[in-house]
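Below is input.txt, which holds compact mmCIF, C-alpha atoms.
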```txt
# COMPACT_ATOMS: atom_id res chain seq x y z
CA MET A 644 89.87 98.73 122.90
CA SER A 645 93.06 96.69 123.18
CA ILE A 646 95.33 96.15 120.18
CA SER A 647 94.20 92.53 119.93
CA LYS A 648 90.54 93.60 119.83
CA ASP A 649 91.32 96.36 117.31
CA LEU A 650 93.01 93.86 115.02
CA LYS A 651 90.14 91.40 115.40
CA VAL A 652 87.62 94.09 114.44
CA ILE A 653 89.72 95.15 111.43
CA TYR A 654 89.99 91.59 110.20
CA GLU A 655 86.29 90.91 110.66
CA LEU A 656 85.35 94.07 108.73
CA LEU A 657 87.71 93.22 105.89
CA TYR A 658 86.58 89.61 105.70
CA LYS A 659 82.95 90.71 105.63
CA ALA A 660 83.70 93.19 102.83
CA PHE A 661 86.04 91.11 100.67
CA GLY A 662 85.50 87.47 101.60
CA PRO A 663 88.43 85.00 101.74
CA ARG A 664 91.29 86.22 99.55
CA ASN A 665 92.77 82.78 98.70
CA TRP A 666 96.22 84.24 98.36
CA TRP A 667 98.95 83.42 97.07
CA PRO A 668 97.87 82.39 93.53
CA ALA A 669 100.36 79.78 92.33
CA ASP A 670 100.58 76.18 91.17
CA SER A 671 103.30 75.19 93.65
CA PRO A 672 105.25 76.41 96.69
CA PHE A 673 108.27 76.89 94.44
CA GLU A 674 106.27 79.21 92.18
CA VAL A 675 105.29 81.19 95.28
CA ALA A 676 108.93 81.55 96.31
CA ILE A 677 110.02 82.79 92.89
CA GLY A 678 106.99 85.08 92.74
CA ALA A 679 107.96 86.59 96.08
CA ILE A 680 111.30 87.66 94.61
CA LEU A 681 109.77 88.87 91.35
CA THR A 682 107.12 90.99 93.07
CA GLN A 683 109.70 93.29 94.67
CA ASN A 684 109.01 96.86 93.48
CA THR A 685 106.37 95.92 90.93
CA ASN A 686 102.70 94.99 90.67
CA TRP A 687 101.29 91.48 90.52
CA LYS A 688 100.19 91.69 86.87
CA ASN A 689 103.83 92.11 85.83
CA VAL A 690 104.85 89.17 88.00
CA GLU A 691 102.20 86.99 86.34
CA LYS A 692 103.68 87.81 82.93
CA ALA A 693 107.18 86.88 84.08
CA ILE A 694 105.94 83.65 85.68
CA ALA A 695 104.10 82.80 82.45
CA ASN A 696 107.34 83.29 80.50
CA LEU A 697 109.18 80.91 82.82
CA LYS A 698 106.44 78.31 82.49
CA LYS A 699 106.34 78.62 78.71
CA ALA A 700 110.09 78.03 78.58
CA ASN A 701 109.75 75.04 80.96
CA ILE A 702 112.28 76.49 83.38
CA LEU A 703 110.13 77.12 86.46
CA SER A 704 111.78 74.42 88.55
CA PRO A 705 114.68 74.40 91.02
CA GLU A 706 116.88 72.38 88.68
CA GLU A 707 116.29 74.56 85.62
CA LEU A 708 116.61 77.89 87.40
CA HIS A 709 119.76 76.67 89.12
CA LYS A 710 121.52 75.87 85.86
CA ILE A 711 120.15 78.60 83.57
CA ASP A 712 122.48 81.37 82.44
CA ILE A 713 121.73 84.57 84.34
CA LYS A 714 121.40 86.66 81.16
CA ASN A 715 118.92 84.17 79.73
CA LEU A 716 116.96 84.24 82.97
CA ALA A 717 116.86 88.05 82.90
CA GLU A 718 115.30 87.96 79.42
CA HIS A 719 112.49 85.70 80.61
CA ILE A 720 111.60 87.86 83.61
CA LYS A 721 111.70 91.25 81.87
CA PRO A 722 108.00 92.01 82.51
CA ALA A 723 108.66 92.08 86.28
CA GLY A 724 111.03 95.06 85.94
CA TYR A 725 114.53 95.41 87.40
CA PHE A 726 115.09 92.13 85.60
CA ASN A 727 118.89 92.07 85.82
CA ILE A 728 118.78 92.64 89.57
CA LYS A 729 115.99 90.12 90.08
CA ALA A 730 117.77 87.52 87.95
CA LYS A 731 120.78 87.82 90.27
CA ARG A 732 118.51 87.52 93.31
CA ILE A 733 116.82 84.41 91.94
CA LYS A 734 120.23 82.88 91.17
CA ASN A 735 121.42 83.75 94.69
CA PHE A 736 118.38 82.01 96.12
CA MET A 737 118.84 78.97 93.89
CA ASN A 738 122.54 78.63 94.72
CA TRP A 739 121.71 78.88 98.43
CA LEU A 740 118.88 76.34 98.09
CA PHE A 741 121.15 73.78 96.43
CA GLU A 742 124.12 74.41 98.70
CA ASN A 743 122.05 74.01 101.87
CA TYR A 744 119.03 71.87 101.00
CA ASP A 745 119.96 69.96 97.83
CA GLY A 746 117.51 72.13 95.88
CA SER A 747 114.54 70.83 97.89
CA LEU A 748 111.91 73.17 99.30
CA ASP A 749 110.53 70.28 101.37
CA GLN A 750 113.93 69.89 103.01
CA MET A 751 114.20 73.66 103.46
CA PHE A 752 110.78 73.96 105.11
CA SER A 753 111.55 71.07 107.47
CA GLU A 754 113.89 73.45 109.31
CA GLY A 755 112.52 75.41 112.25
CA LEU A 756 110.93 78.77 111.49
CA SER A 757 113.35 80.94 113.46
CA SER A 758 116.55 79.46 112.05
CA LEU A 759 115.16 79.19 108.52
CA ARG A 760 114.08 82.83 108.54
CA GLU A 761 117.54 83.87 109.70
CA ASN A 762 119.15 81.77 106.97
CA LEU A 763 116.85 83.18 104.29
CA LEU A 764 117.73 86.70 105.34
CA SER A 765 121.39 85.86 104.73
CA VAL A 766 120.69 85.44 101.00
CA ASN A 767 121.70 88.56 99.07
CA GLY A 768 118.53 90.18 97.73
CA ILE A 769 116.06 88.58 100.14
CA GLY A 770 114.82 91.04 102.72
CA ALA A 771 112.36 90.57 105.55
CA GLU A 772 109.18 90.99 103.49
CA THR A 773 110.34 88.55 100.81
CA ALA A 774 111.56 86.03 103.39
CA ASP A 775 108.30 86.16 105.33
CA SER A 776 106.27 85.85 102.12
CA ILE A 777 108.18 82.69 101.23
CA LEU A 778 107.80 81.27 104.73
CA LEU A 779 104.09 82.08 105.10
CA TYR A 780 102.73 81.53 101.61
CA ALA A 781 105.04 78.81 100.30
CA GLY A 782 105.98 77.10 103.57
CA GLU A 783 102.73 77.63 105.46
CA MET A 784 104.71 78.72 108.50
CA PRO A 785 103.26 81.17 111.06
CA THR A 786 105.06 84.43 110.32
CA PHE A 787 103.25 87.69 109.54
CA VAL A 788 104.23 89.60 106.39
CA ILE A 789 104.56 93.38 106.62
CA ASP A 790 104.47 95.61 103.55
CA SER A 791 103.89 99.24 102.66
CA TYR A 792 100.12 98.76 102.44
CA THR A 793 100.01 97.43 106.01
CA CYS A 794 102.10 100.30 107.36
CA ARG A 795 100.00 102.90 105.56
CA ILE A 796 96.75 101.43 106.93
CA LEU A 797 98.08 101.21 110.49
CA SER A 798 99.45 104.74 110.30
CA ARG A 799 96.14 106.19 109.15
CA HIS A 800 94.39 104.40 112.00
CA GLU A 801 97.04 105.58 114.48
CA MET A 802 98.17 102.03 115.25
CA LEU A 803 101.70 102.15 113.84
CA PRO A 804 104.31 101.53 116.57
CA ASP A 805 106.44 104.55 117.49
CA GLU A 806 109.64 102.96 116.22
CA GLY A 807 107.91 101.72 113.10
CA SER A 808 110.59 99.20 112.08
CA TYR A 809 109.63 96.08 110.15
CA ASP A 810 110.05 93.88 113.21
CA ASP A 811 108.07 96.30 115.41
CA VAL A 812 105.08 96.18 113.08
CA LYS A 813 105.43 92.41 112.67
CA SER A 814 105.39 92.01 116.46
CA LEU A 815 102.24 94.13 116.68
CA PHE A 816 100.38 91.40 114.79
CA GLU A 817 102.15 88.33 116.14
CA ASP A 818 101.93 89.44 119.77
CA ASN A 819 98.22 90.23 119.54
CA LEU A 820 96.84 87.48 117.31
CA PRO A 821 96.67 83.69 117.73
CA GLU A 822 99.61 81.90 116.09
CA ASP A 823 97.56 80.76 113.13
CA THR A 824 99.07 80.39 109.68
CA GLN A 825 95.74 80.63 107.86
CA LEU A 826 94.80 83.76 109.81
CA TYR A 827 98.15 85.39 109.06
CA ASN A 828 97.78 84.43 105.40
CA ASP A 829 94.30 85.83 104.92
CA PHE A 830 94.74 88.89 107.17
CA HIS A 831 97.79 90.04 105.23
CA ALA A 832 96.03 89.39 101.93
CA GLN A 833 93.03 91.40 103.15
CA LEU A 834 95.28 94.34 104.03
CA VAL A 835 96.97 94.20 100.64
CA HIS A 836 93.59 94.28 98.90
CA LEU A 837 92.43 97.17 101.07
CA GLY A 838 95.61 99.12 100.35
CA ASN A 839 95.36 98.42 96.64
CA GLN A 840 91.70 99.38 96.35
CA PHE A 841 91.04 102.04 99.00
CA CYS A 842 93.93 103.00 101.27
CA LYS A 843 96.00 104.43 98.43
CA PRO A 844 98.33 107.43 98.65
CA LYS A 845 95.23 109.37 97.55
CA ARG A 846 92.87 107.82 100.07
CA LYS A 847 89.27 106.74 99.38
CA CYS A 848 88.02 106.75 102.96
CA GLU A 849 84.33 107.25 102.13
CA GLU A 850 84.15 103.85 100.41
CA CYS A 851 86.58 102.02 102.71
CA PRO A 852 85.27 99.08 104.80
CA LEU A 853 87.22 100.50 107.76
CA ASN A 854 85.70 103.98 107.61
CA VAL A 855 83.52 103.12 110.63
CA LEU A 856 86.71 103.09 112.71
CA LEU A 857 87.85 106.60 111.77
```

Step by step, read the file and then write its structure as structure tokens.
Amino acid sequence: MSISKDLKVIYELLYKAFGPRNWWPADSPFEVAIGAILTQNTNWKNVEKAIANLKKANILSPEELHKIDIKNLAEHIKPAGYFNIKAKRIKNFMNWLFENYDGSLDQMFSEGLSSLRENLLSVNGIGAETADSILLYAGEMPTFVIDSYTCRILSRHEMLPDEGSYDDVKSLFEDNLPEDTQLYNDFHAQLVHLGNQFCKPKRKCEECPLNVLL
């Protein structure tokens, strides 16, 4: 089969097994963006605790996070781990957002995908996965998110590009799937769920929805 057909089969099997994933769970695009930074090197349950702390303190807004003292911010996001580093990254993002878009995500997302992605990647602490998560899940822009789960799954199914860089794997999806934001959203979420439940470092292939492809 071609890569495009392989990907279609994988998505159909995952959707049949898991149903729609309805990801990213958040009350607003801004919450998604902050969650994307907080989720670096931690699990989602820890991010939820940090987000809850920010909500309880009434500081989960562009204005409040822009003006909050960085040490105070770090205290609120402790559950997410690496809290001093992540506080700096959130502040970097907020300073950039206000300097370039007057603190408005609507204004930010009105920029074209290519230039906005490049600008996001210029923010200290925002790498490709975080940038694409913000663009796809908060901005509803058609960019595919690549993470360690995705690479592990592709590798085990012998579909990982030889070079294996982030952009190589991203192109594998974007070059072989329709440019469809909802498809990108749910496909990535399906892969994350598969990696979390079955395609772990200690694999559970017998129970995996993709075992028919091995």

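Remark: for A:Gln840, the closest of the candidate residues A:Ile796, A:Val855, A:Ala717, A:Val690 is A:Ile796 (distances computed over all atoms listed in the file).
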
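Comparing the minimum interatomic distances between A:Phe787 and each of A:Leu857, A:Ala832, A:Ile769, A:Met802, counting all atoms listed in the file, we find that A:Ala832 sits nearest.
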
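Between A:Ile789 and the candidates A:Leu834, A:Leu748, A:Leu650, A:Ala693, the tightest atom-to-atom separation, counting only C-alpha atoms, involves A:Leu834.
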
Quick one, how far is atom CA of A:Leu657 from atom CA of A:Lys692? 28.5 Å

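Candidate residues A:Ile777, A:Asn701, A:Phe673, A:Lys721 were compared for distance to A:Ser747, and the nearest is A:Phe673, using all atoms listed in the file.
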
Cut-off 9 Å around (97.2, 78.3, 99.2) with all atoms listed in the file: residues as a list in words: Asn665, Trp666, Trp667, Pro668, Ala669, Asp670, Ser671, Pro672, Tyr780, Ala781, Glu783 and Asn828 of chain A

Surrounding residues of A:Asp712 excluding itself and chain neighbours under 5 positions, 12 Å, only C-alpha atoms, as a tab-separated table (two decimals) with C-alpha atoms, in the frame of the given file:
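Produced file out-v5.tsv, reproduced below:
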```tsv
chain	number	residue	atom	x	y	z
A	702	ILE	CA	112.28	76.49	83.38
A	707	GLU	CA	116.29	74.56	85.62
A	717	ALA	CA	116.86	88.05	82.90
A	718	GLU	CA	115.30	87.96	79.42
A	719	HIS	CA	112.49	85.70	80.61
A	727	ASN	CA	118.89	92.07	85.82
A	730	ALA	CA	117.77	87.52	87.95
A	731	LYS	CA	120.78	87.82	90.27
A	733	ILE	CA	116.82	84.41	91.94
A	734	LYS	CA	120.23	82.88	91.17
```

Env of A:Lys688: 12 Å cut, atoms = all atoms listed in the file, seq-sep filter 4 positions within chain, self excluded. Answer as JSON, numbers by chain. {"A": [668, 678, 681, 682, 692, 693, 694, 695, 722, 723, 724]}

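Residue nearest A:Leu740, chosen from A:Asp805, A:Glu706, A:Asp811, A:Glu772 and counting only C-alpha atoms: A:Glu706.
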
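In this structure, atom CA of A:Lys813 sits 27.0 Å away from atom CA of A:Tyr725.
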
Rebuild stretch 766-783 of chain A so that it carries N, CA and C atoms, then output the result as a tab-separated table (two decimals), keeping the file's coordinate frame.
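Final output, saved to selection-v6.tsv:
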```tsv
chain	number	residue	atom	x	y	z
A	766	VAL	N	120.58	85.51	102.45
A	766	VAL	CA	120.69	85.44	101.00
A	766	VAL	C	120.64	86.85	100.43
A	767	ASN	N	121.63	87.22	99.66
A	767	ASN	CA	121.70	88.56	99.07
A	767	ASN	C	120.48	88.80	98.18
A	768	GLY	N	119.70	89.84	98.52
A	768	GLY	CA	118.53	90.18	97.73
A	768	GLY	C	117.21	89.73	98.34
A	769	ILE	N	117.29	89.00	99.45
A	769	ILE	CA	116.06	88.58	100.14
A	769	ILE	C	115.97	89.33	101.47
A	770	GLY	N	115.04	90.28	101.51
A	770	GLY	CA	114.82	91.04	102.72
A	770	GLY	C	113.71	90.43	103.55
A	771	ALA	N	113.32	91.12	104.60
A	771	ALA	CA	112.36	90.57	105.55
A	771	ALA	C	111.00	90.28	104.91
A	772	GLU	N	110.50	91.21	104.10
A	772	GLU	CA	109.18	90.99	103.49
A	772	GLU	C	109.19	89.79	102.55
A	773	THR	N	110.24	89.68	101.74
A	773	THR	CA	110.34	88.55	100.81
A	773	THR	C	110.50	87.24	101.58
A	774	ALA	N	111.35	87.24	102.59
A	774	ALA	CA	111.56	86.03	103.39
A	774	ALA	C	110.25	85.58	104.05
A	775	ASP	N	109.55	86.52	104.66
A	775	ASP	CA	108.30	86.16	105.33
A	775	ASP	C	107.23	85.71	104.34
A	776	SER	N	107.22	86.29	103.15
A	776	SER	CA	106.27	85.85	102.12
A	776	SER	C	106.55	84.40	101.72
A	777	ILE	N	107.81	84.06	101.57
A	777	ILE	CA	108.18	82.69	101.23
A	777	ILE	C	107.78	81.74	102.36
A	778	LEU	N	108.08	82.13	103.58
A	778	LEU	CA	107.80	81.27	104.73
A	778	LEU	C	106.30	81.08	104.95
A	779	LEU	N	105.54	82.17	104.85
A	779	LEU	CA	104.09	82.08	105.10
A	779	LEU	C	103.36	81.44	103.94
A	780	TYR	N	103.55	81.95	102.73
A	780	TYR	CA	102.73	81.53	101.61
A	780	TYR	C	103.22	80.27	100.92
A	781	ALA	N	104.52	80.04	100.90
A	781	ALA	CA	105.04	78.81	100.30
A	781	ALA	C	105.22	77.71	101.34
A	782	GLY	N	105.69	78.09	102.53
A	782	GLY	CA	105.98	77.10	103.57
A	782	GLY	C	104.88	76.87	104.57
A	783	GLU	N	103.84	77.72	104.51
A	783	GLU	CA	102.73	77.63	105.46
A	783	GLU	C	103.24	77.63	106.90
```
